[in-house]
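Here is the structure we will look at, set down as structure tokens.
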Amino acid sequence: MTDRFAWLPLRRRSIAVRLAVSSFLSSTAILVIAAFILTTLYRENTERAFDSRLLVFANNLATDLVSPSEPETRSFSLGDPRFDLPLSGWYWQVGRPDAKPRDLRTSRSLVGVPLKGPDQAGTATIGQIRQGYGKGQDDRTLRIVERDVDVGADGRYTVRVAGPADEIVNDVERFRFSLFMTFGLLGFSLAATALLQIRFGLAPLRKLRTALGTIRRGEADRIDGEYPRDIAPLAGEINLLIETNREILERARTQVGNLAHALKTPLSIIVNEAGGSDAPPELSEKIREQAAVMRDQVNYHLDRARAAALAGTLGTSTEVEPALAGLVRTFGKIYRDKDIAYEVHVPPGLRFRGEKQDFEEMIGNLVDNASKWAAGRVSISAAPTGEHGYPHLLVAVEDDGPGLPEEDRAAVLKRGRRLDETKPGSGLGLSIVADLAALYRGRFRLEAAALGGLRAVIEVPGDAPAGAGQR
């Protein structure tokens, strides 16, 4: 059943990438949340500190307000020159809650324009402090603190003191910049530490992967070395699987050999008896003909059984270049009379993951078929391919013969089917190639050749030479 989360891109990534991405995302989320919380707390602390400064001025004005002199003749002075500079952003104002602008006492910096209270200040009891933000006459944002003072018989007065909110904003921005720089360095350090931990932690898996690669290429027959307790059981199970597979392979080889001996001996006796003087010539010829067919069929099925036992065996591989060179020499002698020019294109170090006998059986049948029909030229090429998500080997054999119509290509793959009885052979060659390719979970197809004849292509498991890219 299809996994409902198969669309997630990380599912197809390596463990190292998944760990790195998850670590990056979690660390980034934690640092962003921490930066937001710390910035909010710092802003609140900065506002409280600024309000405390404004409240000191407001308390000084309230002290002057409750002095024994008449409120209208009292002198309010804070001793700070910023309250005397026009539109400096530092303002104070004293007056009754319902007083008209001309009855208000203000700082010189207000230049005669009343100072409004903080936004959403609401109502408060006598002595309660209200603070908030508001707009000045030049649309400058102000931080405002106000309180009501009861002077007894003289009534109730409101004291307001304001300062520029730019100081709060600038202070918070400087803190935010410093915080982001610090968290950026911290995040970089965490990322580097996480990558080192991932590389160190996954080193045993890389070692195990390398060991499996050497087994797959036939360079080793088991996994050696010491592994952590979490991976050691896996390495042991793989070694046990390899040993079990090898035992099954040996039993299959023995059984196939016994069966071949048991069948070929009676067939030889039948052929010898058919050639006796007492047997009619027609009967002898028929028996020899059918015995030859039986021998071909027995060999075909025995080879197929042997290949089925060997296909997928771990630690078995064949180098392609020398195998093809041997086949070219062999068929060059067989078809010496046709004077065929064989062309071989294969990168050094290319390997087939399987038995040499099976590889030579497949390619040998293709070269034999191409040599029968070629006018004078046969081309053999091999290259690595990774189109199916796993290393494969692509081998193509083509000739410059008459070719084969597309509608007849499927027919020749049927076991024992021959389209031309004038050519020697049993008709099993291409079907053997198709069966062996299928046993190795590969593919076999026929198509038109660039040389003008037929092009036979097989794709089977293989390994690219070191340093070669897959196409």
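Scheme for the structure tokens: letters A, B, ... for chains in order shown; per-chain residue numbers from 1; ligand numbers from 1 in order shown.
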Mind checking which residues fall within 9 Å of Arg108 (chain A), counting only C-alpha atoms, ignoring those fewer than 5 positions away in the same chain, and posting them as a ChimeraX atom specification?
/A:83-87,91-92
If you run DSSP on the backbone, which residues of region 5-102 of chain A are helix (DSSP H, G or I), as number ranges by chain?
A: 9-12, 15-65, 71-73, 81-83, 101-102
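Minimum atom-to-atom distances from A:Ala434, A:Val151, A:Leu38, A:Ile223 to Leu65 (chain A) were compared using only C-alpha atoms, and the lowest value belongs to A:Val151.
Using only C-alpha atoms, the protein and nucleic acid residues lying no more than 10 Å from Leu186 (chain A), apart from those fewer than 6 places from it along its own chain, are Ser27, Leu31, Phe180 and Ala192 of chain A.
Among the candidates A:Arg160, A:Val378, A:Ser178, A:Ala194, the one nearest to Val21 (chain A) when counting only C-alpha atoms is A:Ala194.
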Near-Phe444 (chain A) list (7 Å; only C-alpha atoms; drop same-chain fewer than 5 positions) as a PyMOL selection string
chain A and resi 434+437+457-459
Can you work out the spacing between CA of Val161 (chain A) and CA of Leu41 (chain A) in Å, to one decimal?
24.2 Å
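Minimum atom-to-atom distance to Ile231 (chain A), evaluated using only C-alpha atoms, belongs to A:Leu205 out of A:Ile168, A:Leu205, A:Ile270, A:Ala450.
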Could you pull out the strand (DSSP E) residues of region 351-395 of chain A, going by DSSP on the backbone, and write them as a list in words?
Arg351, Phe352, Arg377, Val378, Ser379, Ile380, Ser381, Ala382, Ala383, Pro384, Thr385, His392, Leu393, Leu394 and Val395 of chain A
Tell me which of A:Thr330, A:Ser381, A:Ser431, A:Thr265 sits closest to Val346 (chain A), counting only C-alpha atoms.
A:Ser381
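In this comparison, which uses only C-alpha atoms, the residue of A:Pro266, A:Gly117, A:Gly453, A:Pro461 approaching Ala438 (chain A) most closely is A:Pro461.
Minimum distance to Tyr157 (chain A) across A:Thr244, A:Ala62, A:Arg102, A:Pro204 (counting only C-alpha atoms) occurs at A:Ala62.
Across the model, the gap from CA of Ser109 (chain A) to CA of Asp138 (chain A) is 12.0 Å.
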